[in-house]
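Trainee: Dropping in data_12.txt, with compact mmCIF, C-alpha atoms and all ligand atoms.
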# COMPACT_ATOMS: atom_id res chain seq x y z
CA MET A 431 90.38 50.36 -110.64
CA LYS A 432 86.60 49.81 -110.85
CA LYS A 433 84.31 52.83 -110.87
CA ALA A 434 80.94 52.82 -109.12
CA LEU A 435 78.20 55.43 -109.22
CA ILE A 436 75.78 55.53 -106.28
CA THR A 437 72.58 57.53 -106.53
CA GLY A 438 71.24 58.30 -103.06
CA VAL A 439 74.73 58.32 -101.56
CA THR A 440 73.61 60.67 -98.76
CA GLY A 441 71.13 58.09 -97.45
CA GLN A 442 71.61 55.31 -94.93
CA ASP A 443 72.37 52.61 -97.51
CA GLY A 444 74.32 54.92 -99.82
CA SER A 445 76.71 55.93 -97.08
CA PHE A 446 77.35 52.33 -95.95
CA LEU A 447 77.79 51.18 -99.55
CA ALA A 448 80.22 54.02 -100.31
CA GLU A 449 82.35 52.95 -97.33
CA LEU A 450 82.29 49.31 -98.46
CA LEU A 451 83.26 50.11 -102.06
CA LEU A 452 86.06 52.44 -100.97
CA GLU A 453 87.41 49.62 -98.77
CA LYS A 454 87.29 47.34 -101.81
CA GLY A 455 89.41 49.82 -103.78
CA TYR A 456 86.69 51.30 -106.02
CA ASP A 457 86.64 54.84 -107.29
CA VAL A 458 83.28 55.90 -105.79
CA HIS A 459 81.06 58.57 -107.31
CA GLY A 460 77.88 59.70 -105.64
CA THR A 461 75.04 61.94 -106.78
CA ILE A 462 73.56 64.58 -104.51
CA ARG A 463 70.64 66.96 -104.92
CA ARG A 464 70.82 70.67 -104.26
CA SER A 465 69.10 71.60 -101.02
CA SER A 466 69.07 74.64 -98.78
CA VAL A 467 69.66 72.38 -95.79
CA ASP A 468 72.75 70.26 -95.48
CA PHE A 469 71.91 66.57 -95.62
CA ARG A 470 75.46 65.28 -96.12
CA GLU A 471 75.78 64.27 -92.49
CA ARG A 472 76.16 60.56 -93.27
CA ILE A 473 78.99 61.06 -95.80
CA VAL A 474 80.84 64.05 -94.42
CA HIS A 475 83.59 61.74 -93.09
CA LEU A 476 84.22 60.51 -96.65
CA GLU A 477 84.59 63.92 -98.23
CA GLY A 478 88.28 64.55 -98.90
CA HIS A 479 88.93 60.84 -99.61
CA GLU A 480 90.91 60.80 -102.87
CA ARG A 481 88.63 58.14 -104.40
CA PHE A 482 85.32 59.70 -103.31
CA HIS A 483 83.60 62.17 -105.63
CA LEU A 484 80.24 63.93 -105.57
CA HIS A 485 78.17 65.19 -108.50
CA TYR A 486 74.88 67.05 -108.68
CA ALA A 487 72.14 64.99 -110.31
CA ASP A 488 68.49 64.21 -109.74
CA LEU A 489 66.42 61.16 -110.68
CA GLY A 490 63.76 63.54 -111.96
CA ASP A 491 66.20 65.12 -114.42
CA SER A 492 67.25 62.91 -117.38
CA MET A 493 69.86 65.34 -118.61
CA SER A 494 71.69 65.38 -115.30
CA LEU A 495 71.77 61.56 -115.29
CA ILE A 496 72.95 61.30 -118.89
CA GLN A 497 75.69 63.80 -118.12
CA VAL A 498 76.96 62.26 -114.92
CA ILE A 499 76.94 58.71 -116.30
CA GLY A 500 78.70 59.95 -119.48
CA LYS A 501 81.33 61.72 -117.40
CA VAL A 502 82.01 58.94 -114.88
CA ARG A 503 81.50 55.97 -117.26
CA PRO A 504 80.93 53.64 -114.30
CA ASP A 505 81.42 49.88 -114.24
CA GLU A 506 78.60 49.60 -111.71
CA VAL A 507 75.61 51.82 -110.93
CA TYR A 508 73.75 51.40 -107.64
CA ASN A 509 70.39 53.17 -107.87
CA LEU A 510 69.54 53.79 -104.23
CA ALA A 511 67.91 57.21 -104.65
CA ALA A 512 64.19 57.27 -103.92
CA GLN A 513 61.35 58.90 -102.08
CA SER A 514 61.51 56.03 -99.61
CA HIS A 515 58.89 56.88 -97.00
CA VAL A 516 55.75 54.79 -97.50
CA GLN A 517 53.39 57.06 -95.53
CA VAL A 518 54.72 60.17 -97.30
CA SER A 519 53.96 58.51 -100.66
CA PHE A 520 50.24 58.87 -99.88
CA ASP A 521 50.76 62.65 -99.62
CA THR A 522 53.12 62.95 -102.62
CA PRO A 523 52.10 60.14 -104.98
CA GLU A 524 53.06 61.87 -108.23
CA TYR A 525 56.51 62.89 -107.00
CA THR A 526 57.03 59.36 -105.68
CA ALA A 527 56.11 57.89 -109.08
CA ASN A 528 58.41 60.30 -110.89
CA VAL A 529 61.43 59.41 -108.79
CA ASP A 530 60.80 55.77 -107.79
CA ALA A 531 59.29 54.57 -111.08
CA THR A 532 60.30 56.80 -114.03
CA GLY A 533 63.59 57.60 -112.32
CA VAL A 534 64.67 53.98 -112.77
CA LEU A 535 63.88 54.18 -116.47
CA ARG A 536 65.98 57.35 -116.73
CA ILE A 537 68.98 55.56 -115.20
CA LEU A 538 68.65 52.61 -117.58
CA GLU A 539 68.32 54.89 -120.60
CA ALA A 540 71.23 57.08 -119.46
CA VAL A 541 73.45 53.98 -119.35
CA LYS A 542 72.20 52.83 -122.76
CA LEU A 543 72.50 56.25 -124.42
CA ASN A 544 76.09 56.56 -123.22
CA GLY A 545 76.95 53.27 -124.99
CA LEU A 546 77.50 51.43 -121.70
CA ALA A 547 74.70 48.84 -122.04
CA ASP A 548 77.20 45.99 -122.52
CA SER A 549 79.71 46.96 -119.87
CA CYS A 550 77.91 48.66 -116.97
CA ARG A 551 76.14 46.58 -114.31
CA ILE A 552 73.13 48.14 -112.58
CA TYR A 553 71.72 47.43 -109.14
CA GLN A 554 68.16 48.59 -108.46
CA ALA A 555 67.03 49.06 -104.85
CA SER A 556 63.78 47.16 -104.82
CA THR A 557 61.69 46.42 -101.76
CA SER A 558 59.62 43.95 -99.78
CA GLU A 559 56.80 46.50 -100.09
CA LEU A 560 56.14 44.88 -103.50
CA TYR A 561 54.54 41.97 -101.58
CA GLY A 562 52.28 44.47 -99.80
CA LYS A 563 48.97 42.82 -99.01
CA VAL A 564 50.84 39.55 -98.82
CA GLU A 565 49.70 36.48 -100.67
CA GLU A 566 52.04 34.08 -98.83
CA VAL A 567 54.28 34.00 -95.77
CA PRO A 568 57.28 34.00 -95.79
CA GLN A 569 57.95 35.76 -99.08
CA ASN A 570 60.56 34.65 -101.65
CA GLU A 571 61.46 35.51 -105.27
CA LEU A 572 58.43 33.53 -106.54
CA THR A 573 55.82 35.09 -104.25
CA PRO A 574 53.26 37.14 -106.23
CA PHE A 575 53.41 40.91 -105.77
CA HIS A 576 50.49 42.90 -104.41
CA PRO A 577 51.72 46.50 -103.88
CA TYR A 578 49.70 48.37 -101.29
CA SER A 579 50.84 52.03 -101.35
CA PRO A 580 51.78 54.62 -104.00
CA TYR A 581 55.41 53.92 -103.01
CA ALA A 582 55.06 50.19 -103.67
CA VAL A 583 53.24 50.72 -106.98
CA ALA A 584 56.07 53.01 -108.15
CA LYS A 585 58.70 50.51 -107.01
CA LEU A 586 56.88 47.76 -108.89
CA TYR A 587 57.38 49.69 -112.13
CA GLY A 588 61.07 50.02 -111.22
CA PHE A 589 61.32 46.26 -110.71
CA TRP A 590 59.63 45.41 -114.01
CA ILE A 591 61.49 47.96 -116.12
CA VAL A 592 64.80 46.55 -114.85
CA LYS A 593 63.66 43.05 -115.81
CA GLU A 594 62.51 44.34 -119.20
CA TYR A 595 65.87 46.00 -120.01
CA ARG A 596 67.66 42.83 -118.92
CA GLU A 597 65.62 40.74 -121.35
CA ALA A 598 65.19 43.23 -124.19
CA TYR A 599 68.74 44.64 -124.33
CA ASN A 600 70.69 41.94 -122.52
CA MET A 601 71.80 44.43 -119.87
CA PHE A 602 73.27 43.25 -116.57
CA CYS A 603 70.65 44.87 -114.34
CA CYS A 604 69.23 43.34 -111.18
CA SER A 605 66.89 44.14 -108.33
CA GLY A 606 67.61 43.40 -104.69
CA ILE A 607 64.25 42.89 -102.99
CA LEU A 608 65.35 44.19 -99.62
CA PHE A 609 63.24 43.75 -96.53
CA ASN A 610 63.41 46.53 -93.89
CA HIS A 611 66.97 47.35 -92.98
CA GLU A 612 67.85 49.74 -90.22
CA SER A 613 70.85 51.22 -88.45
CA GLU A 614 72.05 54.08 -86.32
CA ARG A 615 71.96 56.11 -89.59
CA ARG A 616 68.27 55.40 -90.28
CA GLY A 617 66.07 58.46 -90.92
CA GLU A 618 64.27 59.62 -87.80
CA THR A 619 60.74 59.17 -89.15
CA PHE A 620 61.01 55.44 -89.85
CA VAL A 621 59.52 53.48 -86.99
CA THR A 622 62.69 51.82 -85.63
CA ARG A 623 64.71 55.02 -85.38
CA LYS A 624 61.72 56.96 -84.12
CA ILE A 625 61.49 54.42 -81.28
CA THR A 626 65.21 54.28 -80.38
CA LEU A 627 65.50 58.06 -80.44
CA ALA A 628 62.40 58.48 -78.29
CA ALA A 629 63.56 55.79 -75.83
CA ALA A 630 66.88 57.63 -75.45
CA ARG A 631 65.17 60.99 -75.03
CA ILE A 632 62.61 59.66 -72.54
CA ALA A 633 65.36 57.92 -70.52
CA GLN A 634 67.27 61.21 -70.35
CA GLY A 635 64.21 63.27 -69.42
CA LYS A 636 64.07 65.11 -72.77
CA GLN A 637 60.74 63.73 -74.03
CA ASP A 638 57.54 62.69 -72.24
CA LYS A 639 55.84 60.30 -74.56
CA LEU A 640 56.15 58.44 -77.85
CA TYR A 641 53.20 58.37 -80.28
CA LEU A 642 53.09 55.50 -82.75
CA GLY A 643 50.68 54.00 -85.29
CA ASN A 644 50.04 50.27 -85.81
CA LEU A 645 51.94 48.43 -83.06
CA SER A 646 50.96 45.00 -84.38
CA SER A 647 52.62 45.48 -87.75
CA LEU A 648 55.17 42.71 -88.42
CA ARG A 649 58.50 43.26 -90.12
CA ASP A 650 61.69 41.36 -90.97
CA TRP A 651 64.30 43.86 -89.77
CA GLY A 652 67.99 43.50 -90.66
CA TYR A 653 71.11 45.65 -90.26
CA ALA A 654 71.69 47.97 -93.25
CA LYS A 655 75.46 47.54 -93.10
CA ASP A 656 75.06 43.78 -93.68
CA TYR A 657 72.62 44.39 -96.55
CA VAL A 658 74.89 46.65 -98.63
CA GLU A 659 77.35 43.75 -98.89
CA CYS A 660 74.63 41.82 -100.63
CA MET A 661 74.00 44.64 -103.10
CA TRP A 662 77.63 44.33 -104.13
CA LEU A 663 77.47 40.51 -104.30
CA ILE A 664 74.43 40.70 -106.61
CA LEU A 665 76.50 42.66 -109.15
CA GLN A 666 79.49 40.27 -108.85
CA ASN A 667 77.32 37.23 -109.68
CA ASP A 668 77.86 35.33 -112.97
CA LYS A 669 74.36 36.13 -114.22
CA PRO A 670 71.98 39.04 -113.66
CA GLU A 671 69.21 37.95 -111.30
CA ASP A 672 66.90 39.32 -108.62
CA PHE A 673 67.31 38.34 -104.96
CA VAL A 674 65.34 38.60 -101.72
CA ILE A 675 67.49 39.98 -98.92
CA ALA A 676 66.06 39.41 -95.45
CA THR A 677 66.94 37.84 -92.09
CA GLY A 678 64.18 35.19 -92.11
CA GLU A 679 62.97 36.43 -88.69
CA GLN A 680 59.87 38.45 -87.92
CA HIS A 681 59.02 40.87 -85.06
CA SER A 682 56.25 43.36 -84.31
CA VAL A 683 56.60 47.11 -83.80
CA ARG A 684 55.50 46.44 -80.20
CA GLU A 685 58.38 43.97 -79.67
CA PHE A 686 60.86 46.47 -81.13
CA CYS A 687 59.56 49.04 -78.68
CA GLU A 688 59.79 46.71 -75.67
CA LEU A 689 63.38 45.83 -76.48
CA ALA A 690 64.53 49.41 -77.16
CA PHE A 691 63.05 50.63 -73.87
CA ARG A 692 64.56 47.64 -72.02
CA TYR A 693 68.01 48.70 -73.26
CA VAL A 694 67.54 52.17 -71.72
CA GLY A 695 66.43 50.58 -68.44
CA ILE A 696 62.64 50.88 -68.82
CA GLU A 697 60.40 47.77 -68.74
CA LEU A 698 57.20 48.44 -70.66
CA LYS A 699 53.86 46.71 -70.25
CA PHE A 700 51.38 47.05 -73.12
CA VAL A 701 47.69 47.23 -72.19
CA GLY A 702 44.55 47.83 -74.27
CA GLU A 703 43.94 47.24 -77.95
CA GLY A 704 44.09 49.10 -81.27
CA ALA A 705 44.02 52.88 -80.93
CA ASP A 706 43.57 52.53 -77.13
CA GLU A 707 46.72 50.51 -76.60
CA LYS A 708 49.31 52.05 -74.28
CA GLY A 709 52.86 51.22 -73.22
CA ILE A 710 53.22 51.73 -69.46
CA ASP A 711 56.45 51.93 -67.46
CA ARG A 712 56.13 48.97 -65.07
CA ALA A 713 58.21 50.74 -62.44
CA THR A 714 56.41 54.10 -62.30
CA GLY A 715 53.04 53.43 -63.95
CA ARG A 716 53.68 56.34 -66.39
CA VAL A 717 52.22 56.02 -69.87
CA LEU A 718 55.21 56.34 -72.22
CA VAL A 719 53.80 55.00 -75.49
CA GLU A 720 50.44 55.89 -76.99
CA VAL A 721 48.80 55.11 -80.30
CA SER A 722 47.92 58.02 -82.55
CA PRO A 723 45.73 57.43 -85.62
CA ASP A 724 47.86 60.13 -87.33
CA PHE A 725 50.39 57.38 -87.96
CA TYR A 726 47.91 54.93 -89.47
CA ARG A 727 48.24 54.53 -93.23
CA PRO A 728 45.28 54.43 -95.64
CA THR A 729 46.45 50.90 -96.50
CA ASP A 730 49.14 49.28 -94.36
CA VAL A 731 51.42 46.35 -95.03
CA VAL A 732 51.36 44.25 -91.87
CA ASN A 733 52.99 40.88 -92.45
CA LEU A 734 56.43 41.02 -94.05
CA TRP A 735 58.74 38.09 -93.53
CA GLY A 736 61.46 37.27 -96.03
CA ASP A 737 63.01 33.99 -97.11
CA PRO A 738 66.64 34.69 -98.10
CA SER A 739 67.46 31.07 -99.13
CA LYS A 740 68.37 32.01 -102.72
CA ALA A 741 70.87 34.70 -101.64
CA LYS A 742 72.40 32.26 -99.15
CA ARG A 743 72.65 29.48 -101.71
CA GLU A 744 73.74 31.43 -104.79
CA LEU A 745 75.67 34.39 -103.37
CA GLY A 746 77.00 32.84 -100.18
CA TRP A 747 75.44 35.73 -98.23
CA LYS A 748 74.91 35.24 -94.51
CA PRO A 749 71.65 36.64 -93.15
CA GLN A 750 71.54 37.69 -89.49
CA LYS A 751 75.22 38.50 -89.27
CA THR A 752 73.85 41.14 -86.90
CA SER A 753 70.93 39.74 -84.87
CA PHE A 754 67.68 41.58 -84.12
CA GLU A 755 68.81 42.09 -80.51
CA GLU A 756 72.19 43.45 -81.63
CA LEU A 757 70.55 45.76 -84.15
CA VAL A 758 68.26 47.33 -81.55
CA LYS A 759 71.23 47.68 -79.17
CA ILE A 760 73.41 49.39 -81.80
CA MET A 761 70.64 51.90 -82.51
CA VAL A 762 69.81 52.57 -78.85
CA ASP A 763 73.48 52.99 -77.88
CA SER A 764 74.03 55.45 -80.69
CA ASP A 765 70.92 57.49 -79.80
CA MET A 766 71.74 57.47 -76.09
CA ALA A 767 75.15 58.97 -76.91
CA MET A 768 73.71 61.45 -79.39
CA VAL A 769 70.99 62.68 -77.03
CA ALA A 770 73.53 63.02 -74.19
CA SER A 771 75.98 64.99 -76.32
CA GLU A 772 75.79 68.69 -76.99
CA ARG A 773 77.34 68.35 -80.40
CA ALA A 774 76.60 70.83 -83.17
CA GLY A 775 73.36 70.20 -84.98
CA GLU A 776 71.71 68.76 -81.89
CA HIS A 777 69.12 71.55 -81.95
CA VAL A 778 67.97 70.45 -85.41
CA ARG A 779 67.33 66.92 -84.16
CA THR A 780 65.72 68.20 -81.00
CA ASN A 781 63.21 70.18 -83.02
CA LEU A 782 62.53 67.20 -85.23
CA ALA A 783 62.04 64.95 -82.22
CA GLU A 784 59.56 67.46 -80.85
CA TYR A 785 57.72 67.52 -84.13
CA LEU A 786 57.66 63.73 -84.11
CA GLU A 787 56.35 63.70 -80.58
CA LYS A 788 53.58 66.12 -81.47
CA GLY A 789 52.79 64.26 -84.64
CA ILE A 790 53.62 67.23 -86.90
CA VAL A 791 56.06 65.10 -88.89
CA LYS A 792 55.13 61.46 -89.52
C1 LIG A 801 61.31 47.82 -97.05
C2 LIG A 801 60.66 49.15 -96.79
O1 LIG A 801 60.99 49.56 -95.46
C3 LIG A 801 60.55 50.86 -95.08
O2 LIG A 801 59.14 50.97 -95.18
P1 LIG A 801 58.13 50.68 -93.98
O3 LIG A 801 58.07 49.21 -93.73
O4 LIG A 801 56.87 51.36 -94.27
O5 LIG A 801 58.91 51.34 -92.73
P2 LIG A 801 58.42 52.18 -91.49
O6 LIG A 801 59.52 52.08 -90.51
O7 LIG A 801 57.99 53.54 -91.89
O8 LIG A 801 57.11 51.39 -90.99
C4 LIG A 801 57.15 50.07 -90.55
C5 LIG A 801 55.82 49.65 -89.97
O9 LIG A 801 55.67 50.36 -88.74
C6 LIG A 801 54.34 50.87 -88.64
N1 LIG A 801 54.34 52.03 -87.73
C7 LIG A 801 53.68 52.09 -86.55
N2 LIG A 801 53.85 53.29 -86.00
C8 LIG A 801 54.63 54.02 -86.85
C9 LIG A 801 55.12 55.34 -86.79
O10 LIG A 801 54.86 56.09 -85.85
N3 LIG A 801 55.91 55.74 -87.82
C10 LIG A 801 56.23 54.92 -88.87
N4 LIG A 801 57.03 55.36 -89.86
N5 LIG A 801 55.73 53.65 -88.96
C11 LIG A 801 54.95 53.22 -87.95
C12 LIG A 801 54.00 51.22 -90.07
O11 LIG A 801 52.56 51.32 -90.21
C13 LIG A 801 54.59 50.04 -90.81
O12 LIG A 801 53.66 48.98 -90.85
C14 LIG A 801 61.15 51.88 -96.02
O13 LIG A 801 62.56 51.86 -95.93
C15 LIG A 801 60.72 51.60 -97.46
O14 LIG A 801 61.45 52.47 -98.31
C16 LIG A 801 60.96 50.18 -97.81
O15 LIG A 801 61.23 49.86 -98.96
Could you rewrite the structure in this file as structure tokens?
Mentor:
Amino acid sequence: MKKALITGVTGQDGSFLAELLLEKGYDVHGTIRRSSVDFRERIVHLEGHERFHLHYADLGDSMSLIQVIGKVRPDEVYNLAAQSHVQVSFDTPEYTANVDATGVLRILEAVKLNGLADSCRIYQASTSELYGKVEEVPQNELTPFHPYSPYAVAKLYGFWIVKEYREAYNMFCCSGILFNHESERRGETFVTRKITLAAARIAQGKQDKLYLGNLSSLRDWGYAKDYVECMWLILQNDKPEDFVIATGEQHSVREFCELAFRYVGIELKFVGEGADEKGIDRATGRVLVEVSPDFYRPTDVVNLWGDPSKAKRELGWKPQKTSFEELVKIMVDSDMAMVASERAGEHVRTNLAEYLEKGIVK
């Protein structure tokens, strides 16, 4: 039985990957951080599974990583833990560098120090943010990087240190350069989930308005559940290599918004430009979407569009298994049900949604 260790198992990708690896018969170990609030919501259904195990560890703490890797002795490590919010990285740049850059080095060294350099395969969660202020469209594995946020600069170190350990020590370590990938489990402060949650709340009379930043920003959005399959495929490949994972399709934040509101029965019309742009309900004339400069970033990445040809060709991966339209529908349906339900924990989300609405949390 193969053993996998997933850092960041409580996140969107970690939880989907844990499910996939359990289905494939792996013994799955995940690392969690101590927190006074419970953030195990996405994995609570896996707890109690005989092949699912949790350990305390932190990417900022070498000793914890050396210990957990020494104890588990995994065949595969998936390093998905990160401070993953780009806007937050402008407020916490040093923390972001510690976790997203040096944290990757700590994982590599922990594997090496435990004598697993020849046997353990390592997947590093890299990102389309490396392309940042893009130098070509669409972006593939040969496109030059131009990171454009503290998050992206930290992730660039992660990418290069993985490449370095592969070449210097012959380790099987690879980066998946994943473009934006979303789902019903996406954190509520990323733009897609912020929109689907707000659309559901507005449709059910629980929120008045949605405040967003740059509506013209373009992204290549895929379904996270499809993308974790590719993480696994990258580690099953004959040789360690880096891959772009994307759908090959591009949409704006505005388009995402229009579609999400359409699914809850509201047709939006966008009028105005820049910070004055508004999304108006065609039926009632109510302004439902407004732009708030609070959500502008000091430097923003505005034109991401991935070319997944290499992953298709060499891994047999199928992009767009779930289409853009299906993705938005999955997220809206889930949020409509969640907002309508009175289930435990709802109050926590309600408060967060109110904070989002007021711009207290980005
Ligand atoms: C691949 C990459 O994907 C994610 O990073 P991200 O692309 O920054 O994701 P996001 O959903 O925060 O922003 C997308 C775009 O949407 C614009 N935008 C407008 N209005 C709001 C707004 O109100 N909130 C947010 N969050 N963004 C907004 C914002 O300015 C940006 O241009 C992370 O998983 C990251 O870890 C990662 O690696």
Trainee: Residues within 8 Å of ligand LIG 801 (chain A) (all atoms listed in the file), as a PDB file with C-alpha atoms, in the frame of the given file?
Mentor:
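Listed below is the output, out_38.pdb:
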ATOM      1  CA  ALA A 512      64.190  57.270-103.920  1.00  0.00           C
ATOM      2  CA  GLN A 513      61.350  58.900-102.080  1.00  0.00           C
ATOM      3  CA  SER A 514      61.510  56.030 -99.610  1.00  0.00           C
ATOM      4  CA  HIS A 515      58.890  56.880 -97.000  1.00  0.00           C
ATOM      5  CA  VAL A 516      55.750  54.790 -97.500  1.00  0.00           C
ATOM      6  CA  GLN A 517      53.390  57.060 -95.530  1.00  0.00           C
ATOM      7  CA  SER A 556      63.780  47.160-104.820  1.00  0.00           C
ATOM      8  CA  THR A 557      61.690  46.420-101.760  1.00  0.00           C
ATOM      9  CA  SER A 558      59.620  43.950 -99.780  1.00  0.00           C
ATOM     10  CA  GLU A 559      56.800  46.500-100.090  1.00  0.00           C
ATOM     11  CA  TYR A 581      55.410  53.920-103.010  1.00  0.00           C
ATOM     12  CA  ALA A 582      55.060  50.190-103.670  1.00  0.00           C
ATOM     13  CA  LEU A 608      65.350  44.190 -99.620  1.00  0.00           C
ATOM     14  CA  PHE A 609      63.240  43.750 -96.530  1.00  0.00           C
ATOM     15  CA  ASN A 610      63.410  46.530 -93.890  1.00  0.00           C
ATOM     16  CA  HIS A 611      66.970  47.350 -92.980  1.00  0.00           C
ATOM     17  CA  THR A 619      60.740  59.170 -89.150  1.00  0.00           C
ATOM     18  CA  PHE A 620      61.010  55.440 -89.850  1.00  0.00           C
ATOM     19  CA  VAL A 621      59.520  53.480 -86.990  1.00  0.00           C
ATOM     20  CA  THR A 622      62.690  51.820 -85.630  1.00  0.00           C
ATOM     21  CA  ARG A 623      64.710  55.020 -85.380  1.00  0.00           C
ATOM     22  CA  LYS A 624      61.720  56.960 -84.120  1.00  0.00           C
ATOM     23  CA  TYR A 641      53.200  58.370 -80.280  1.00  0.00           C
ATOM     24  CA  LEU A 642      53.090  55.500 -82.750  1.00  0.00           C
ATOM     25  CA  GLY A 643      50.680  54.000 -85.290  1.00  0.00           C
ATOM     26  CA  ASN A 644      50.040  50.270 -85.810  1.00  0.00           C
ATOM     27  CA  LEU A 645      51.940  48.430 -83.060  1.00  0.00           C
ATOM     28  CA  SER A 646      50.960  45.000 -84.380  1.00  0.00           C
ATOM     29  CA  SER A 647      52.620  45.480 -87.750  1.00  0.00           C
ATOM     30  CA  LEU A 648      55.170  42.710 -88.420  1.00  0.00           C
ATOM     31  CA  ARG A 649      58.500  43.260 -90.120  1.00  0.00           C
ATOM     32  CA  VAL A 683      56.600  47.110 -83.800  1.00  0.00           C
ATOM     33  CA  VAL A 721      48.800  55.110 -80.300  1.00  0.00           C
ATOM     34  CA  SER A 722      47.920  58.020 -82.550  1.00  0.00           C
ATOM     35  CA  PHE A 725      50.390  57.380 -87.960  1.00  0.00           C
ATOM     36  CA  TYR A 726      47.910  54.930 -89.470  1.00  0.00           C
ATOM     37  CA  ARG A 727      48.240  54.530 -93.230  1.00  0.00           C
ATOM     38  CA  ASP A 730      49.140  49.280 -94.360  1.00  0.00           C
ATOM     39  CA  VAL A 731      51.420  46.350 -95.030  1.00  0.00           C
ATOM     40  CA  VAL A 732      51.360  44.250 -91.870  1.00  0.00           C
ATOM     41  CA  LYS A 792      55.130  61.460 -89.520  1.00  0.00           C
TER      42      LYS A 792
END
Trainee: Just want the 9 Å neighbourhood of Gly441 (chain A), counted on only C-alpha atoms, with same-chain residues fewer than 5 positions away dropped. Output as a PDB file with C-alpha atoms, keeping the file's coordinate frame.
Mentor:
ATOM      1  CA  PHE A 446      77.350  52.330 -95.950  1.00  0.00           C
ATOM      2  CA  PHE A 469      71.910  66.570 -95.620  1.00  0.00           C
ATOM      3  CA  ARG A 470      75.460  65.280 -96.120  1.00  0.00           C
ATOM      4  CA  ARG A 472      76.160  60.560 -93.270  1.00  0.00           C
ATOM      5  CA  ILE A 473      78.990  61.060 -95.800  1.00  0.00           C
ATOM      6  CA  LEU A 510      69.540  53.790-104.230  1.00  0.00           C
ATOM      7  CA  ALA A 511      67.910  57.210-104.650  1.00  0.00           C
ATOM      8  CA  ARG A 615      71.960  56.110 -89.590  1.00  0.00           C
ATOM      9  CA  ARG A 616      68.270  55.400 -90.280  1.00  0.00           C
ATOM     10  CA  GLY A 617      66.070  58.460 -90.920  1.00  0.00           C
TER      11      GLY A 617
END
Trainee: Considering all atoms listed in the file, return as number ranges by chain whatever protein or nucleic-acid residues lie within 12 Å of region 447-451 of chain A, sequence-local ones (same chain, fewer than 3 positions apart) excluded.
Mentor: A: 431-444, 454-461, 472-477, 479, 481-484, 506-510, 553, 654-663
Trainee: Let me make sure I understand: among A:Asp711, A:Gly704, A:Val592, A:Gln554, which one has the smallest atom-to-atom distance to Pro723 (chain A) if we use only C-alpha atoms?
Mentor: A:Gly704
Trainee: Residues at most 9 Å from region 759-765 of chain A, counting all atoms listed in the file, excluding those fewer than 3 positions away in the same chain, as a PDB file with C-alpha atoms, keeping the file's coordinate frame?
Mentor:
ATOM      1  CA  GLU A 612      67.850  49.740 -90.220  1.00  0.00           C
ATOM      2  CA  SER A 613      70.850  51.220 -88.450  1.00  0.00           C
ATOM      3  CA  GLU A 614      72.050  54.080 -86.320  1.00  0.00           C
ATOM      4  CA  ARG A 615      71.960  56.110 -89.590  1.00  0.00           C
ATOM      5  CA  ARG A 616      68.270  55.400 -90.280  1.00  0.00           C
ATOM      6  CA  THR A 622      62.690  51.820 -85.630  1.00  0.00           C
ATOM      7  CA  ARG A 623      64.710  55.020 -85.380  1.00  0.00           C
ATOM      8  CA  ILE A 625      61.490  54.420 -81.280  1.00  0.00           C
ATOM      9  CA  THR A 626      65.210  54.280 -80.380  1.00  0.00           C
ATOM     10  CA  LEU A 627      65.500  58.060 -80.440  1.00  0.00           C
ATOM     11  CA  ALA A 628      62.400  58.480 -78.290  1.00  0.00           C
ATOM     12  CA  ALA A 629      63.560  55.790 -75.830  1.00  0.00           C
ATOM     13  CA  ALA A 630      66.880  57.630 -75.450  1.00  0.00           C
ATOM     14  CA  ARG A 631      65.170  60.990 -75.030  1.00  0.00           C
ATOM     15  CA  LEU A 689      63.380  45.830 -76.480  1.00  0.00           C
ATOM     16  CA  ALA A 690      64.530  49.410 -77.160  1.00  0.00           C
ATOM     17  CA  PHE A 691      63.050  50.630 -73.870  1.00  0.00           C
ATOM     18  CA  TYR A 693      68.010  48.700 -73.260  1.00  0.00           C
ATOM     19  CA  VAL A 694      67.540  52.170 -71.720  1.00  0.00           C
ATOM     20  CA  PHE A 754      67.680  41.580 -84.120  1.00  0.00           C
ATOM     21  CA  GLU A 755      68.810  42.090 -80.510  1.00  0.00           C
ATOM     22  CA  GLU A 756      72.190  43.450 -81.630  1.00  0.00           C
ATOM     23  CA  MET A 768      73.710  61.450 -79.390  1.00  0.00           C
ATOM     24  CA  VAL A 769      70.990  62.680 -77.030  1.00  0.00           C
ATOM     25  CA  ALA A 770      73.530  63.020 -74.190  1.00  0.00           C
TER      26      ALA A 770
END
Trainee: For CA of Ile607 (chain A) and CA of Leu452 (chain A), quote the distance in Å rounded to one decimal.
Mentor: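 CA of Ile607 (chain A) sits 23.9 Å away from CA of Leu452 (chain A).
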Trainee: Go ahead and compute the interatomic distance for CA of Phe686 (chain A) and CA of Gly736 (chain A), in Å to one decimal.
Mentor: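 We find that CA of Phe686 (chain A) and CA of Gly736 (chain A) lie 17.5 Å from each other.
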Trainee: Expressed in Å to a single decimal, how great is the separation between CA of Met766 (chain A) and CA of Gln634 (chain A)?
Mentor: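 Taking CA of Met766 (chain A) and CA of Gln634 (chain A), their separation equals 8.2 Å.
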Trainee: Restricting the calculation to all atoms listed in the file: of A:Gly678, A:Gly715, A:Gly588, A:Gly709, which residue gets closest to Asp530 (chain A)?
Mentor: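 Smallest distance to Asp530 (chain A) is found for A:Gly588.
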Trainee: Find the residue from A:Asp488, A:Val717, A:Pro580, A:Arg684 that sits nearest to Val518 (chain A); use all atoms listed in the file when measuring.
Mentor: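 Looking at the shortest contact to Val518 (chain A), the residue is A:Pro580.
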Trainee: Near Arg596 (chain A), within 12 Å and counting all atoms listed in the file, which residues show up once chain neighbours fewer than 2 positions away are dropped, as a ChimeraX atom specification?
Mentor: /A:538,542,547-548,550-554,589-594,598-605,669-672
